[in-house]
Every structure is written in C-alpha cells, then in structure tokens.
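For reference, the structure discussed in these notes is given below.
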Amino acid sequence: MTTASPDGPGRPGPAGEYVLGVDSGGSGLRVALGTVGSDVPLGTAAGAEPVRTGPSGIDAAHLLEQLLPAVRELLARHGGGSRVAAAAIGAAGMGTLGDRLRAELPAALTDALGVRRLALAADAVTAYAGAVGQRPGAVVAAGTGLIALGTDLTRWRRADGWGHLLGDSGGGAWIGRAGLDAAMRAHDGRRGGSRALLGRLEAVFGPAPGLPGLLYPRTDRPAVLASFAPEVAGCAAHDPVAEGILRDAAGHIAEAAAAVCPTAGADDGGCEVALTGGLFRMGEPLLVPLREELARLLPHARAVPGSGDPLIGSLRIARALATGGLLLPRHPTLLSIPLSGLNQQAPAGVTEQGS
C-alpha cells in the first residue's frame, strides 16, 4: 500500500473528527482520510493488490490486513489522532459476497480505530454517492461490467450488474466479446464478420485460431474481453460492424438507466443520470449513440458526468453518517449500517429491473 500526497488543503481535526472512505475493487484497495467538516480528503492511499474472494465471500481478514496499516499511516501524517468517528467501506461484490465483511468488520474497526459509525456499501452505491451525491437520480457505473442504480431516496432500483455470463450488457466485457465474435466470424467467412476487427484481434492476441486457448483457461476472462473494447471503438469510425456494436451497447446502457430512473415517464420533471466509470472514457464513438438513446428513452433526463468516483462517494457517506445526515436509503446488502451512534431510519427496500 502506497500513500499519495495530500489531495487538497483540508485541515486535520482533533481525534474523533476523522472520517474514512474505502473503495475495494478489482484493481486494489483505495483509502481516503478526511474530516467531518470538509469534502476534500486530507490524504489518500492505494494498493494494487485486490482483496481476495473465496468460497465464503470477500476475505475480511485480507481487507483489514491492507486497510489498517494504511489508515494508521494516514492518521500519523495528518495530526496523529487514533480514532475514526465514521467510516464507509465500499466493495465490489458487497451485495452478494459481503457476508464476512458484515459479520467481521464492525467489531474489528471499533477495536482497531475506535470507529463508532460504520456503513458497508456495494460499490454501485458509493459510485452513486460520488456521482450524484444525496439527491434523487440514477447512475450507470460502467467499466468491465455494468450496473445501473437509482433512488428516489425512499428505495433503490437496480438494473443489471449480473456479471459477464448473465448480463453486464453494454459494458466493456460485453463490447469486447461482441467485437471478438465479429472478428471470428470474419475469420470463418460467416455473416456479420468484420475484417477490421479480425485484424485488430490478430494484432493484439495473435492468430485467430489460437484465441480460445488463450482465453478459456484465464480466470480473469471478463477483463481480457474488456481489453478488446477500445479496439472496437477505434474501428467504429470506418467499420459498420464495430459502429453497430457500440450502438447496440448504447441501447443497453440507456435501457438500464431508464429502468432505474425514479422519474422515468414523468411529464413534469427529469431524472439526472450520471455516467461514471472507465468505459465512458471511450469517448464519442460510444457517447454519441448513447446520448441519442437516452434522448429517445428518457427525453426529460439530464445526462451528467460523475462529479466524483467511488472513493469520494464512500468518504461522502462517512461524513453524512458522522453528522446524522445520511439520506441514501438503507438496504441489508446494498447499504447497511451495522454501527451507528445516532438513530437511523428503518431499512428501505430495493427493486430490480422491471419490478
């Protein structure tokens, strides 16, 4: 775990005023230390080793093994305090693989850091908090996978995020797989093939017949598939097959946004839809058809870039929890509050796409 330089001019407060935000994902663990009175982190730390996931879910001990030394170093650098008033841990897979985190983290963080208020959140929720804040709206978080989450501040609505075999439609792995499929079709001489994408496949992976042997044994197949998505985008301007793949992806993304937007179909107001995640760095080849699809499905929506990432979102949740001002709806797996020094509202629900 390496500690970055301070992110801004925030001033450390006395012990008990510190708040902690954590983002655990496929690229590693990131930590931000802040204060109750400022939205600017005092400092951040990042490690490149992802937290392990095993048969019993996300490994809480491995997360703590990385987290606690980083937090203690940040505290030492910013005032020497030892107690964290509130913390928010956001983790990929929290919803389905977070049972050990929910069982083990509250006592461990209380003992080690004096944490009195704790939120455990799915990474889609911290992405929402980072992009939209605590307002009604929707977020589409898209990278290798894709999930849409929306709320009217009463309950959550979720669409997709079901992984590359069952969904994540329009995400990086979906686009990459569609591009590789078109390349293999061109290799075989089948309908729907793209010679341009076949050329990129061979440039990136080698001869097309060897691709199954390279891909199928990999445990990180979604990431490998997603690595080809930029090649699809690079071909879109001159290849109609690649252009069509991105248009189809844009349709899936817009459909997910429409499924969760709290004011979808309303005549008197629009839904703010934030787009966050690495997929949207693909730029105009994806964003042009996406804007068209959003205008068709959500004519009153306002598409906005995310104002913060999941790490900033987790820090915002921690600050709101510390002051009793957390407005985002609770949920047993998406946003649980196992430790609270204040009275919290009863857990709210979540609805899936189409409910």
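So you can find residues: chains in the structure tokens are A, B, ... in the order shown, residues in each start at 1, and ligands are numbered from 1 in order.
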| message | Excluding range 292-299 of chain A and its own-chain neighbours fewer than 6 positions away, which residues fall within 7 Å of it when counting only C-alpha atoms? Please give them as a list in words. | response | Ala250, Gly251, Ala254, Ala258 and Ala264 of chain A
Convert the current residue selection to file output with N, CA and C atoms, as a PDB file, in the first residue's frame.
```pdb
ATOM      1  N   ALA A 250     -24.872   1.133 -26.549  1.00  0.00           N
ATOM      2  CA  ALA A 250     -25.536   2.352 -26.090  1.00  0.00           C
ATOM      3  C   ALA A 250     -26.999   2.088 -25.772  1.00  0.00           C
ATOM      4  N   GLY A 251     -27.647   1.260 -26.586  1.00  0.00           N
ATOM      5  CA  GLY A 251     -29.034   0.920 -26.306  1.00  0.00           C
ATOM      6  C   GLY A 251     -29.201   0.184 -24.995  1.00  0.00           C
ATOM      7  N   ALA A 254     -28.676   2.698 -22.083  1.00  0.00           N
ATOM      8  CA  ALA A 254     -29.840   3.572 -21.910  1.00  0.00           C
ATOM      9  C   ALA A 254     -31.018   2.821 -21.315  1.00  0.00           C
ATOM     10  N   ALA A 258     -32.975   3.803 -17.923  1.00  0.00           N
ATOM     11  CA  ALA A 258     -34.422   4.029 -17.903  1.00  0.00           C
ATOM     12  C   ALA A 258     -35.113   3.147 -16.866  1.00  0.00           C
ATOM     13  N   ALA A 264     -38.662   8.294 -14.400  1.00  0.00           N
ATOM     14  CA  ALA A 264     -38.860   7.828 -15.765  1.00  0.00           C
ATOM     15  C   ALA A 264     -40.340   7.848 -16.114  1.00  0.00           C
TER      16      ALA A 264
END
```
Which residues of range 214-299 of chain A come within 7 Å of range 135-146 of chain A, and what is each one's closest atom pair and distance in Å (one decimal), counting only C-alpha atoms, sorted by chain and residue number, as JSON lines?
```
{"residue": "A:Pro222", "atom": "CA", "partner": "A:Thr144", "partner_atom": "CA", "distance": 6.6}
{"residue": "A:Ala223", "atom": "CA", "partner": "A:Thr144", "partner_atom": "CA", "distance": 6.1}
{"residue": "A:Ala226", "atom": "CA", "partner": "A:Thr144", "partner_atom": "CA", "distance": 5.5}
{"residue": "A:Ala257", "atom": "CA", "partner": "A:Val140", "partner_atom": "CA", "distance": 6.5}
{"residue": "A:Val260", "atom": "CA", "partner": "A:Ala138", "partner_atom": "CA", "distance": 6.5}
{"residue": "A:Cys261", "atom": "CA", "partner": "A:Ala138", "partner_atom": "CA", "distance": 5.4}
{"residue": "A:Pro262", "atom": "CA", "partner": "A:Gly137", "partner_atom": "CA", "distance": 6.4}
{"residue": "A:Cys271", "atom": "CA", "partner": "A:Gly137", "partner_atom": "CA", "distance": 5.5}
{"residue": "A:Glu272", "atom": "CA", "partner": "A:Gly137", "partner_atom": "CA", "distance": 5.0}
{"residue": "A:Val273", "atom": "CA", "partner": "A:Ala138", "partner_atom": "CA", "distance": 4.8}
{"residue": "A:Ala274", "atom": "CA", "partner": "A:Val139", "partner_atom": "CA", "distance": 4.6}
{"residue": "A:Leu275", "atom": "CA", "partner": "A:Val140", "partner_atom": "CA", "distance": 5.1}
{"residue": "A:Thr276", "atom": "CA", "partner": "A:Ala141", "partner_atom": "CA", "distance": 5.0}
{"residue": "A:Gly277", "atom": "CA", "partner": "A:Ala142", "partner_atom": "CA", "distance": 4.9}
{"residue": "A:Gly278", "atom": "CA", "partner": "A:Gly143", "partner_atom": "CA", "distance": 5.0}
{"residue": "A:Leu279", "atom": "CA", "partner": "A:Gly143", "partner_atom": "CA", "distance": 4.7}
```
C-alpha atoms of the current selection, written as a compact mmCIF listing (two decimals), in the first residue's frame:
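Final output, result_23.txt:
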```
# COMPACT_ATOMS: atom_id res chain seq x y z
CA PRO A 222 -14.08 -10.54 -18.21
CA ALA A 223 -11.03 -8.28 -18.04
CA ALA A 226 -12.95 -5.86 -21.91
CA ALA A 257 -30.73 3.86 -16.98
CA VAL A 260 -33.86 2.74 -12.55
CA CYS A 261 -34.55 6.44 -13.14
CA PRO A 262 -37.00 7.46 -10.38
CA CYS A 271 -34.06 12.43 -13.94
CA GLU A 272 -30.39 13.26 -13.53
CA VAL A 273 -28.41 10.37 -14.99
CA ALA A 274 -24.72 10.30 -14.08
CA LEU A 275 -22.33 8.28 -16.21
CA THR A 276 -19.30 7.06 -14.31
CA GLY A 277 -16.58 4.51 -14.87
CA GLY A 278 -13.77 3.82 -17.27
CA LEU A 279 -15.99 2.70 -20.15
```
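The shortest atom-to-atom distance to Leu149 in chain A, with only C-alpha atoms taken into account, belongs to A:Ala124 out of A:Ala131, A:Ala173, A:Ala124, A:Leu339.
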| DSSP alpha helix (DSSP H) residues within range 62-294 of chain A, listed as a VMD selection string | chain A and resid 62 to 77 94 to 97 99 to 113 123 to 131 172 to 188 195 to 205 211 to 215 221 to 226 229 to 235 240 to 260 284 to 294
